[in-house]
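Peer 1: First the structure, which I've put down as structure tokens, then a few questions once you've had a look.
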There are 6 protein chains.
Amino acid sequence: MFSGLIAETIRLALTEDLGHGDITSSLIVQEDRDARTIIRAKEDLVLAGMPFVREVFSIIDSCVEVNAFLAEGADVSKGGEIAEVKGNARGLLAGERTALNILQRVSGIATLTRAYQRLVSDLPVKIVDTRKTTPGMRFMEKYGVRIGGGSNHRYGLYDGILIKDNHIRIARGVKEAVGMAKKGHHLLKIEVEVSSFDELREALDAGADVVMLDNMSVEDMAQAVKITKGRALLEASGNVNITNVRTIAETGVDLISVGALTHSAKAADISMKII
Amino acid sequence: MFSGLIAETIRLALTEDLGHGDITSSLIVQEDRDARTIIRAKEDLVLAGMPFVREVFSIIDSCVEVNAFLAEGADVSKGGEIAEVKGNARGLLAGERTALNILQRVSGIATLTRAYQRLVSDLPVKIVDTRKTTPGMRFMEKYGVRIGGGSNHRYGLYDGILIKDNHIRIARGVKEAVGMAKKGHHLLKIEVEVSSFDELREALDAGADVVMLDNMSVEDMAQAVKITKGRALLEASGNVNITNVRTIAETGVDLISVGALTHSAKAADISMKII
Amino acid sequence: MFSGLIAETIRLALTEDLGHGDITSSLIVQEDRDARTIIRAKEDLVLAGMPFVREVFSIIDSCVEVNAFLAEGADVSKGGEIAEVKGNARGLLAGERTALNILQRVSGIATLTRAYQRLVSDLPVKIVDTRKTTPGMRFMEKYGVRIGGGSNHRYGLYDGILIKDNHIRIARGVKEAVGMAKKGHHLLKIEVEVSSFDELREALDAGADVVMLDNMSVEDMAQAVKITKGRALLEASGNVNITNVRTIAETGVDLISVGALTHSAKAADISMKII
Amino acid sequence: MFSGLIAETIRLALTEDLGHGDITSSLIVQEDRDARTIIRAKEDLVLAGMPFVREVFSIIDSCVEVNAFLAEGADVSKGGEIAEVKGNARGLLAGERTALNILQRVSGIATLTRAYQRLVSDLPVKIVDTRKTTPGMRFMEKYGVRIGGGSNHRYGLYDGILIKDNHIRIARGVKEAVGMAKKGHHLLKIEVEVSSFDELREALDAGADVVMLDNMSVEDMAQAVKITKGRALLEASGNVNITNVRTIAETGVDLISVGALTHSAKAADISMKII
Amino acid sequence: MFSGLIAETIRLALTEDLGHGDITSSLIVQEDRDARTIIRAKEDLVLAGMPFVREVFSIIDSCVEVNAFLAEGADVSKGGEIAEVKGNARGLLAGERTALNILQRVSGIATLTRAYQRLVSDLPVKIVDTRKTTPGMRFMEKYGVRIGGGSNHRYGLYDGILIKDNHIRIARGVKEAVGMAKKGHHLLKIEVEVSSFDELREALDAGADVVMLDNMSVEDMAQAVKITKGRALLEASGNVNITNVRTIAETGVDLISVGALTHSAKAADISMKII
Amino acid sequence: MFSGLIAETIRLALTEDLGHGDITSSLIVQEDRDARTIIRAKEDLVLAGMPFVREVFSIIDSCVEVNAFLAEGADVSKGGEIAEVKGNARGLLAGERTALNILQRVSGIATLTRAYQRLVSDLPVKIVDTRKTTPGMRFMEKYGVRIGGGSNHRYGLYDGILIKDNHIRIARGVKEAVGMAKKGHHLLKIEVEVSSFDELREALDAGADVVMLDNMSVEDMAQAVKITKGRALLEASGNVNITNVRTIAETGVDLISVGALTHSAKAADISMKII
């Protein structure tokens with residue numbers, strides 16, 4: 001499936017790593033040497049990103065074969081085999097690091113997302129991501145979130161209206177800002193960020209579809225749910241972590257956005273070895 | 001200073017975030033409205049990445065002014081003001097997230113690197129990075145490592161010879177692999193990864209310039225230093241973390257490479273608000 | 001303001017026209033010759049596209065000056081002066097055709113849109129565009145629609161959910177399709193195309209936010225408005241033209257989408273002459 | 001066949017339409033679902049552009065099959081089947097709009113060109129296009145003109161010498177301008193635009209190969225043919241339309257250039273439906 | 001002046017040379033150090049290419065100043081100063097090699113072209129280049145030819161009709177090939193390559209505008225001039241060198257094409273030193 | 001094997017030559033006509049560059065078949081057949097010139113390199129290239145050097161430390177410069193350019209790994225070898241030519257760098273003819 005931006009990021013990554021060529025392999029590995037490698041988990045993880053691994057090797061050498069042993073989203077235990085990659089040995093070594101860097105990052109995000117998701121899976125709440133993604137990696141990272149069981153918030157500034165504190169300051173009020181947005185667009189929902197009950201009420205009265213509760217205490221969130229009475233979706237945002245996500249979910253909010261899913265996930269440990 | 005790849009990553013990041021334009025601002029912020037914002041640390045951090053912030057805004061709107069209050073590498077306390085960014089309000093809001101995503105990531109790396117560096121600063125050892133970087137972000141991430149006081153390992157497969165386990169397997173031995181590399185190149189040093197004392201001795205006898213000790217215990221590293229007797233530089237690699245880095249440094253190795261500096265640093269918390 | 005795709009289209013257009021250079025000017029116009037030109041309407045039109053004209057000349061020669069005499073959206077009479085462009089004569093001649101091709105097209109769209117808009121301006125209905133745009137020109141064309149007083153429908157497949165006949169066939173029913181969409185996304189409105197009253201009722205019951213009435217007769221549209229009773233926005237689509245747009249609007253639909261605004265607008269006649 | 005610029009335009013068009021992905025299909029169409037669609041004329045038209053349709057789908061998904069039932073240039077009646085496109089359903093839906101936008105535009109141009117061409121087909125005159133094309137679409141549009149039976153004028157400023165009023169003003173005379181061009185280039189023909197019989201005579205005396213009669217009346221064109229007596233080719237230009245093209249052709253000019261072929265052709269109505 | 005392809009080549013050259021940065025300078029030259037350098041001829045040469053040198057430094061650092069002491073086309077003696085380049089020292093060193101590589105190549109071509117040109121300057125003959133240029137450098141190389149006093153042949157396959165032996169073989173004859181070309185295009189001259197007097201006569205009878213005499217002896221060229229009697233331009237081609245160019249010119253041919261001007265010119269020796 | 005920069009140069013070269021298409025072939029060669037061509041040496045040469053020829057045709061038309069009759073590095077005599085290229089005739093003609101321009105240049109470099117190499121093949125010295133390459137062609141040119149039996153010096157400013165006169169001037173001394181470089185980098189060797197025995201001694205004392213003797217006389221080189229006593233590799237540089245290379249090699253230097261290999265090699269004469 002066509003995806004211009006992902007391909008561009010992968011080419012950029014290969015250019016970074018390969019530059020004018022892999023010197024070590026050119027000195028040690030014969031040009032026509034074939035090899036077979038196994039991609040293996042070195043810690044427990046949720047697998048995500050094999051389509052991008054496939055793309056990495058198809059750019060380097062269309063004859064390299066990538067056979068995944070597991071589906072995207074599979075829980076893999078430490079030591080588990082994920083895939084074999086076989087073909088020209090220089091090609092395998094040229095793509096190894098780039099492929100692993102992507103797979104480790106996307107799997108890391110899926111793993112972290114699932115950890116959050118599991119804590120709230122019996123509640124009618126969605127764990128969503130943010131725009132706090134790594135430059136150039138947004139599409140792969142948001143994919144990782146989905147594989148981990150999370151949902152995607154808007155992709156960028158272009159596909160969703162989200163009125164934040166900076167906008168409210170410029171518009172001189174929640175009501176004014178929501179009003180301007182409603183007049184301008186009939187096909188997108190309108191979300192607004194509020195930090196007090198007064199702002200919340202103003203947002204509801206102005207007809208906001210979604211309200212983001214910015215950095216509210218759990219108690220205040222619970223109160224916000226009561227005030228809202230289903231008139232809009234509520235999104236909890238700010239200072240969410242693995243220890244408080246359950247408590248937040250229990251307040252009855254509809255969405256919990258977690259920036260850490262993408263900006264601070266640690267890479268899943270994965271290796272690729274010739275066998 | 002020219003740096004094609006960095007500019008390409010930044011443009012990709014802006015394309016991801018802006019797409020066909022910032023809808024919210026187009027509805028709420030007048031076209032000619034100016035504003036002034038402050039970039040502020042929301043936790044203690046080492047500042048790194050302001051040149052990239054400058055580049056973000058210069059691509060969006062060459063009239064936006066970015067004035068840094070602090071030098072790259074400065075220790076900033078929670079709440080500290082980092083810079084002001086002022087100019088057309090739509091331009092500021094359009095660049096905000098991309099600028100912060102980069103600044104938070106690069107500062108996060110600098111902050112983590114300095115934490116490692118401080119623990120070993122009285123010893124003649126260097127903390128170095130790896131190729132385990134985020135696709136498209138390698139140059140910015142390695143910059144963050146330098147600002148944090150670390151040193152850079154090779155940039156990619158093209159500017160250093162590093163013979164790893166996969167190569168040794170293909171060459172059928174450390175000695176053979178080093179020999180092939182030495183015949184082929186007279187202007188680059190040769191580094192080889194070993195996992196036993198026998199391999200270490202083989203590497204030294206074959207004339208390796210640098211030897212990477214792969215996942216050795218601290219005791220084995222100390223022994224490796226004794227065996228080597230300065231005939232080559234020694235690099236500790238694998239399972240280095242903030243709690244064992246000092247002990248590793250005390251074994252007398254010359255270099256300690258830490259993948260986590262780039263693959264698992266958490267983003268530093270930074271905001272940009274209109275005032 | 002940054003807009004990667006527009007700049008890319010303009011560069012492509014310049015590459016098409018200039019290739020390895022303007023031979024005629026290189027033979028006839030001295031390198032350092034300056035000139036002043038006037039851009040003038042050769043028929044009545046609505047002006048739209050001067051920001052792109054500015055971009056064309058800034059790419060060719062940053063010293064060329066473009067001074068618009070009129071605001072975007074101005075009604076210009078035949079013969080009216082639109083702008084002066086002055087600077088190096090070779091630069092002016094190199095950009096002339098590309099600048100005019102864009103200005104004529106975007107103004108043509110704005111002119112046509114305003115013609116539709118004026119016919120319905122006293123009614124609470126919006127004239128909206130479609131995705132039937134010229135490849136590479138979508139952003140400029142949708143801008144022309146806005147300047148002409150129309151509104152934009154979604155930009156592409158990525159920023160709006162629009163369930164069309166092909167989707168309904170695959171999902172085996174309107175209800176099924178809307179249901180799947182609602183489960184998947186909580187932040188975007190859902191629009192569905194229907195071609196009968198039964199489908200309309202199914203869509204309303206399933207909770208569609210907007211319903212597109214595909215190629216319905218004016219009588220059927222009026223009936224659809226009665227059936228809907230405000231439960232969703234209604235969009236008239238198909239076979240809309242300048243003679244029937246008023247009658248369609250009077251049925252009470254909320255939106256009328258007109259593909260011809262972008263796929264069949266004729267270029268406004270505009271010249272640029274050295275004076 | 002390699003054609004860098006066409007491929008670039010098509011990728012740009014896909015990027016515009018697909019952005020980060022087709023949301024509707026991702027929610028409703030299963031990933032591995034196949035489908036078959038028919039491309040069908042919804043009005044009488046001359047078919048042109050199937051090679052570009054093929055390119056669109058090959059970029060999206062190399063497994064999609066495009067089988068044209070008719071040759072380029074075929075006259076298709078309303079309702080006629082043009083081609084089948086089959087393969088992965090998400091791929092078909094992702095490419096549908098971009099493919100149709102191109103096919104409708106290029107066929108629209110071929111249809112309009114043929115209408116002109118038929119009116120003069122018994123006369124030794126050529127209908128030619130201009131540089132008044134849509135930015136980024138010049139190559140596809142000039143292809144449409146050829147398929148419709150017209151001929152191409154120069155492609156851009158780089159592959160033909162055409163001395164226009166702006167050049168003549170700078171050179172201070174037709175004779176001077178033609179003289180300068182002849183000295184500079186021995187391998188390209190020289191065309192010059194004139195607006196009076198005096199200028200025409202000057203151009204002929206100076207040795208112009210082709211003379212463009214700018215906005216002359218039909219009577220003046222006839223007179224120009226007499227004055228020229230075959231010493232140069234004559235091109236009629238300006239205000240040509242479907243009602244006067246025959247009369248113009250009968251004056252005996254060699255070429256008639258029609259800007260409207262490309263700048264104001266309406267899109268041919270074509271659909272693509274899953275069956 | 002806009003020139004997409006030249007800029008692309010220069011960026012490619014800078015990417016090749018700079019990669020992730022100039023290590024040596026980063027270690028030795030302070031970031032804010034300024035310097036002044038002189039570009040100097042190390043042998044006698046014709047200067048050509050300073051506009052490209054300017055472009056190189058403007059890409060690297062827009063604050064670097066390039067002041068040429070001599071005009072393009074100037075004869076420079078060994079040791080002569082060509083220009084000063086001053087500004088940030090790291091910027092100067094980063095651009096030095098790329099700037100010199102271009103300047104040396106383009107000046108080498110201009111120098112060689114002038115050597116040919118001087119030998120025939122009293123005769124009504126033109127020295128022209130070919131398409132035997134360095135990939136990516138065609139526009140700069142053809143510029144060097146013009147500065148050296150030569151003329152440009154067509155730029156590529158797209159801006160001139162040149163029927164060569166391979167075409168004649170496919171068309172099964174000179175007459176057939178010229179006939180096909182004449183029917184297809186009325187605005188470009190037609191050149192045809194011949195290797196015998198029979199083919200020459202066939203070409204003339206078919207109405208060729210220019211005839212290329214392929215690898216003919218000087219005697220045969222003289223005879224060809226007599227046969228042609230001015231009915232077409234004659235171009236001598238093949239095995240032209242500095243020792244026979246005068247004799248060839250004296251046969252009366254109109255054009256002499258010399259592949260060596262671009263494919264085998266040696267670089268002019270030029271240095272750039274900090275003073 | 002992936003090599004982004006080479007592909008980019010080849011695309012640039014094709015764009016230069018093909019522009020909007022090959023007019024001559026479009027007029028004379030039927031669209032579906034097939035042909036077979038032979039690539040043949042027109043003088044004695046060392047073959048190098050067939051992988052790039054393959055890439056040229058694969059970009060133009062993936063169905064064209066390129067069959068090399070000889071291995072890279074083969075000595076080919078005048079008249080010898082190098083390869084057949086067969087497939088669609090228009091594709092063959094479209095790629096011919098670009099393919100030959102590359103093959104002639106790279107083979108020219110391999111041929112010249114082998115000439116140097118043969119003169120010193122019994123001595124323990126390496127002929128190396130420089131950064132004096134053609135913009136955009138560095139990777140292909142350095143490949144030609146390797147095929148000819150030479151070795152590559154660093155690829156660019158990014159993969160080797162070479163302290164030249166400009167750096168020494170800024171650092172105020174050889175010792176100072178080498179010292180700064182050693183402190184900054186532990187994984188790359190350090191090369192320094194010297195022009196006197198004093199500087200040589202300084203460099204050796206400072207611990208340089210390689211010393212470049214800049215423009216020294218043969219006698220001085222011999223003396224330098226004695227002074228150095230193997231403490232560093234010595235590289236002869238400047239004014240090396242085919243007549244003095246043997247004498248220079250006999251002084252005992254380890255490396256001889258020859259800029260002329262790439263900046264002044266003449267193109268090998270090669271043709272491609274339909275048979």
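By order of appearance in the structure tokens: chains A, B, ..., then residues from 1 within every chain, and ligands from 1 in the order shown.
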Find the residues in chain B near chain C: any atom within 8 Å counts, using only C-alpha atoms. Write them as a ChimeraX atom specification.
Peer 2: /B:15,19-21,59-61,91
Peer 1: Tell me, as an MDAnalysis selection string, which residues lie within 9 Å of Phe197 of chain F, counting only C-alpha atoms; anything in the same chain fewer than 2 positions away does not count.
Peer 2: chainID F and resid 194:195 199:202 220 223:224 227
Peer 1: Could you list, as a PyMOL selection string, every residue within 6 Å of segment 95-108 of chain B, counting only C-alpha atoms and ignoring same-chain residues fewer than 3 positions away?
Peer 2: (chain A and resi 132) or (chain B and resi 46-49+53+92+111+141+144+265-268)
Peer 1: Need the shell around Met272 of chain A: protein/DNA/RNA residues with any atom at most 9 Å away, counting only C-alpha atoms. Skip same-chain ones fewer than 2 positions apart. Format as a PyMOL selection string?
Peer 2: chain A and resi 37-40+84-85+96-97+100+270+274
Peer 1: Could you list, as a list in words, every residue within 7 Å of segment 171-188 of chain A, counting only C-alpha atoms and ignoring same-chain residues fewer than 4 positions away?
Peer 2: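 Answer for this query is Gly160, His167, Glu199, Glu202, Ala203, Ala206 and Ala208 of chain A; Leu27 and Ile28 of chain B; Leu188 and Lys189 of chain C.
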Peer 1: For N, CA and C atoms, I'd like the residues from the last selection saved as a compact mmCIF listing (two decimals), in the first residue's frame.
Peer 2:
```
# COMPACT_ATOMS: atom_id res chain seq x y z
N GLY A 160 -7.99 17.68 12.54
CA GLY A 160 -8.81 17.74 13.74
C GLY A 160 -8.73 19.15 14.31
N HIS A 167 -4.77 29.08 21.97
CA HIS A 167 -5.86 29.61 21.15
C HIS A 167 -6.85 30.39 22.00
N GLU A 199 -14.57 26.79 32.69
CA GLU A 199 -14.24 26.62 31.27
C GLU A 199 -14.97 25.41 30.70
N GLU A 202 -18.50 26.41 30.03
CA GLU A 202 -18.51 27.29 28.86
C GLU A 202 -18.37 26.47 27.57
N ALA A 203 -17.48 25.50 27.60
CA ALA A 203 -17.25 24.66 26.42
C ALA A 203 -18.49 23.85 26.07
N ALA A 206 -21.13 26.04 24.65
CA ALA A 206 -20.79 26.50 23.30
C ALA A 206 -20.92 25.36 22.29
N ALA A 208 -19.11 22.21 22.30
CA ALA A 208 -17.93 21.40 22.00
C ALA A 208 -18.31 19.92 21.94
N LEU B 27 -9.07 29.04 11.94
CA LEU B 27 -10.41 29.44 12.34
C LEU B 27 -10.41 30.47 13.46
N ILE B 28 -9.36 30.45 14.26
CA ILE B 28 -9.40 31.23 15.51
C ILE B 28 -8.40 32.38 15.55
N LEU C 188 -13.96 12.03 14.58
CA LEU C 188 -14.36 12.58 13.29
C LEU C 188 -15.85 12.34 13.09
N LYS C 189 -16.53 13.31 12.42
CA LYS C 189 -17.93 13.07 12.08
C LYS C 189 -17.98 12.01 10.98
```
Peer 1: Set the distance at 10 Å and use only C-alpha atoms: which residues neighbour Glu219 of chain A once local chain neighbours fewer than 2 positions away are removed? I'd like the list as a PDB file with all heavy atoms, in the first residue's frame.
Peer 2:
```
ATOM      1  N   MET A 216      -5.976  17.968  35.240  1.00  0.00           N
ATOM      2  CA  MET A 216      -6.870  18.007  36.405  1.00  0.00           C
ATOM      3  C   MET A 216      -6.541  16.866  37.368  1.00  0.00           C
ATOM      4  O   MET A 216      -6.025  15.822  36.963  1.00  0.00           O
ATOM      5  CB  MET A 216      -8.333  17.843  35.954  1.00  0.00           C
ATOM      6  CG  MET A 216      -8.931  19.127  35.406  1.00  0.00           C
ATOM      7  SD  MET A 216     -10.727  19.000  35.310  1.00  0.00           S
ATOM      8  CE  MET A 216     -11.100  20.568  34.510  1.00  0.00           C
ATOM      9  N   SER A 217      -6.880  17.079  38.636  1.00  0.00           N
ATOM     10  CA  SER A 217      -6.744  16.006  39.627  1.00  0.00           C
ATOM     11  C   SER A 217      -7.813  14.955  39.335  1.00  0.00           C
ATOM     12  O   SER A 217      -8.802  15.233  38.656  1.00  0.00           O
ATOM     13  CB  SER A 217      -6.939  16.564  41.037  1.00  0.00           C
ATOM     14  OG  SER A 217      -8.297  16.962  41.167  1.00  0.00           O
ATOM     15  N   MET A 221     -11.585  15.415  37.813  1.00  0.00           N
ATOM     16  CA  MET A 221     -12.075  14.683  36.644  1.00  0.00           C
ATOM     17  C   MET A 221     -13.427  14.056  36.952  1.00  0.00           C
ATOM     18  O   MET A 221     -14.356  14.126  36.134  1.00  0.00           O
ATOM     19  CB  MET A 221     -11.094  13.581  36.252  1.00  0.00           C
ATOM     20  CG  MET A 221      -9.826  14.103  35.589  1.00  0.00           C
ATOM     21  SD  MET A 221      -8.857  12.687  34.992  1.00  0.00           S
ATOM     22  CE  MET A 221      -7.216  13.392  35.065  1.00  0.00           C
ATOM     23  N   ALA A 222     -13.525  13.426  38.102  1.00  0.00           N
ATOM     24  CA  ALA A 222     -14.781  12.781  38.477  1.00  0.00           C
ATOM     25  C   ALA A 222     -15.902  13.825  38.502  1.00  0.00           C
ATOM     26  O   ALA A 222     -17.015  13.581  38.028  1.00  0.00           O
ATOM     27  CB  ALA A 222     -14.627  12.095  39.833  1.00  0.00           C
ATOM     28  N   GLN A 223     -15.587  14.964  39.042  1.00  0.00           N
ATOM     29  CA  GLN A 223     -16.563  16.049  39.094  1.00  0.00           C
ATOM     30  C   GLN A 223     -16.926  16.517  37.682  1.00  0.00           C
ATOM     31  O   GLN A 223     -18.090  16.793  37.381  1.00  0.00           O
ATOM     32  CB  GLN A 223     -15.960  17.211  39.925  1.00  0.00           C
ATOM     33  CG  GLN A 223     -16.875  18.405  40.084  1.00  0.00           C
ATOM     34  CD  GLN A 223     -18.128  18.057  40.883  1.00  0.00           C
ATOM     35  OE1 GLN A 223     -18.156  17.059  41.612  1.00  0.00           O
ATOM     36  NE2 GLN A 223     -19.192  18.831  40.702  1.00  0.00           N
ATOM     37  N   ALA A 224     -15.929  16.573  36.808  1.00  0.00           N
ATOM     38  CA  ALA A 224     -16.167  17.001  35.424  1.00  0.00           C
ATOM     39  C   ALA A 224     -17.116  16.044  34.721  1.00  0.00           C
ATOM     40  O   ALA A 224     -17.968  16.451  33.933  1.00  0.00           O
ATOM     41  CB  ALA A 224     -14.833  17.094  34.664  1.00  0.00           C
ATOM     42  N   THR A 247      -6.967   4.591  37.982  1.00  0.00           N
ATOM     43  CA  THR A 247      -7.772   5.523  38.775  1.00  0.00           C
ATOM     44  C   THR A 247      -8.419   6.576  37.885  1.00  0.00           C
ATOM     45  O   THR A 247      -9.582   6.943  38.066  1.00  0.00           O
ATOM     46  CB  THR A 247      -6.874   6.233  39.822  1.00  0.00           C
ATOM     47  OG1 THR A 247      -5.905   5.305  40.292  1.00  0.00           O
ATOM     48  CG2 THR A 247      -7.701   6.786  40.956  1.00  0.00           C
ATOM     49  N   ILE A 248      -7.652   7.068  36.936  1.00  0.00           N
ATOM     50  CA  ILE A 248      -8.200   8.066  36.008  1.00  0.00           C
ATOM     51  C   ILE A 248      -9.356   7.458  35.211  1.00  0.00           C
ATOM     52  O   ILE A 248     -10.415   8.062  35.066  1.00  0.00           O
ATOM     53  CB  ILE A 248      -7.099   8.575  35.056  1.00  0.00           C
ATOM     54  CG1 ILE A 248      -6.090   9.413  35.848  1.00  0.00           C
ATOM     55  CG2 ILE A 248      -7.693   9.380  33.903  1.00  0.00           C
ATOM     56  CD1 ILE A 248      -4.855   9.793  35.070  1.00  0.00           C
ATOM     57  N   THR A 251     -12.781   7.322  36.752  1.00  0.00           N
ATOM     58  CA  THR A 251     -13.579   8.553  36.915  1.00  0.00           C
ATOM     59  C   THR A 251     -14.704   8.612  35.895  1.00  0.00           C
ATOM     60  O   THR A 251     -15.621   9.407  36.035  1.00  0.00           O
ATOM     61  CB  THR A 251     -12.722   9.816  36.698  1.00  0.00           C
ATOM     62  OG1 THR A 251     -12.223   9.793  35.344  1.00  0.00           O
ATOM     63  CG2 THR A 251     -11.554   9.877  37.657  1.00  0.00           C
TER      64      THR A 251
END
```
Peer 1: DSSP on the backbone, then: every residue of segment 45-202 of chain F marked alpha helix (DSSP H), written as an MDAnalysis selection string.
Peer 2: chainID F and resid 50:60 89:119 138:147 165:171 174:184 197:202
Peer 1: Quick one: everything within 8 Å of segment 146-154 of chain C, counting only C-alpha atoms, minus sequence neighbours fewer than 2 positions away in the same chain. Send it as a list in words.
Peer 2: Leu187 of chain A; Val46, Ala48, Glu72, Gly73, Ile109, Ala110, Thr111, Leu112, Thr113, Arg114, Gln117, Lys126, Ile127, Val128, Asp129, Thr130, Arg131, Lys142, Tyr143, Gly144, Gly156, Leu157, Asp159 and Gly160 of chain C
Peer 1: With N, CA and C atoms retained, write the just-selected residues as a compact mmCIF listing (two decimals), in the first residue's frame.
Peer 2:
```txt
# COMPACT_ATOMS: atom_id res chain seq x y z
N LEU A 187 -17.89 19.88 9.24
CA LEU A 187 -17.67 18.45 9.03
C LEU A 187 -16.69 17.82 10.01
N VAL C 46 -13.07 37.32 -10.32
CA VAL C 46 -12.77 37.44 -8.90
C VAL C 46 -11.30 37.10 -8.72
N ALA C 48 -7.97 35.77 -7.25
CA ALA C 48 -7.50 34.80 -6.25
C ALA C 48 -6.20 34.18 -6.72
N GLU C 72 -7.16 39.82 -2.26
CA GLU C 72 -7.73 38.55 -2.67
C GLU C 72 -9.24 38.60 -2.52
N GLY C 73 -9.94 38.14 -3.52
CA GLY C 73 -11.39 38.13 -3.44
C GLY C 73 -12.04 39.37 -4.07
N ILE C 109 -11.57 29.66 -10.68
CA ILE C 109 -12.33 28.89 -9.69
C ILE C 109 -13.06 29.82 -8.73
N ALA C 110 -12.37 30.86 -8.29
CA ALA C 110 -13.01 31.81 -7.38
C ALA C 110 -14.18 32.50 -8.06
N THR C 111 -14.00 32.80 -9.34
CA THR C 111 -15.06 33.49 -10.08
C THR C 111 -16.29 32.60 -10.22
N LEU C 112 -16.05 31.35 -10.56
CA LEU C 112 -17.17 30.42 -10.71
C LEU C 112 -17.86 30.17 -9.36
N THR C 113 -17.06 30.00 -8.32
CA THR C 113 -17.63 29.76 -6.99
C THR C 113 -18.52 30.92 -6.58
N ARG C 114 -18.01 32.13 -6.80
CA ARG C 114 -18.83 33.28 -6.39
C ARG C 114 -20.14 33.33 -7.18
N GLN C 117 -22.32 31.03 -5.40
CA GLN C 117 -22.58 31.52 -4.05
C GLN C 117 -23.62 32.64 -4.06
N LYS C 126 -24.45 26.02 2.31
CA LYS C 126 -23.06 26.24 1.94
C LYS C 126 -22.76 25.56 0.61
N ILE C 127 -22.06 26.27 -0.26
CA ILE C 127 -21.54 25.67 -1.49
C ILE C 127 -20.19 25.07 -1.13
N VAL C 128 -20.02 23.76 -1.35
CA VAL C 128 -18.74 23.14 -0.99
C VAL C 128 -18.12 22.47 -2.21
N ASP C 129 -16.81 22.30 -2.13
CA ASP C 129 -16.07 21.68 -3.24
C ASP C 129 -16.00 20.17 -3.05
N THR C 130 -15.25 19.49 -3.90
CA THR C 130 -15.11 18.04 -3.84
C THR C 130 -13.64 17.68 -3.96
N ARG C 131 -13.36 16.40 -4.10
CA ARG C 131 -11.98 15.95 -4.34
C ARG C 131 -11.69 15.86 -5.85
N LYS C 142 -8.65 24.55 -3.70
CA LYS C 142 -9.56 24.69 -2.55
C LYS C 142 -9.44 26.09 -1.93
N TYR C 143 -8.26 26.67 -2.05
CA TYR C 143 -8.10 28.06 -1.63
C TYR C 143 -8.97 28.96 -2.52
N GLY C 144 -8.96 28.73 -3.81
CA GLY C 144 -9.78 29.52 -4.74
C GLY C 144 -11.26 29.42 -4.40
N GLY C 156 -8.93 15.22 1.68
CA GLY C 156 -8.53 13.97 1.05
C GLY C 156 -9.14 12.81 1.80
N LEU C 157 -8.65 11.64 1.49
CA LEU C 157 -9.17 10.44 2.13
C LEU C 157 -8.80 10.36 3.60
N ASP C 159 -8.76 12.96 6.03
CA ASP C 159 -9.25 13.88 7.05
C ASP C 159 -10.77 13.93 7.13
N GLY C 160 -11.42 12.86 6.69
CA GLY C 160 -12.87 12.81 6.82
C GLY C 160 -13.34 11.42 6.47
```
Peer 1: DSSP says strand (DSSP E) for which residues of segment 19-74 of chain F? Put them as a ChimeraX atom specification?
Peer 2: /F:34-41,45-46,65-68
Peer 1: Between atom CA of Val56 of chain B and atom CA of Met137 of chain B, what is the distance in Å, rounded to a tenth?
Peer 2: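 Taking atom CA of Val56 of chain B and atom CA of Met137 of chain B, their separation equals 14.3 Å.
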Peer 1: Atom CA of Glu43 of chain F and atom CA of Ala115 of chain E, how far apart in Å?
Peer 2: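 These atoms are spaced 25.1 Å apart.
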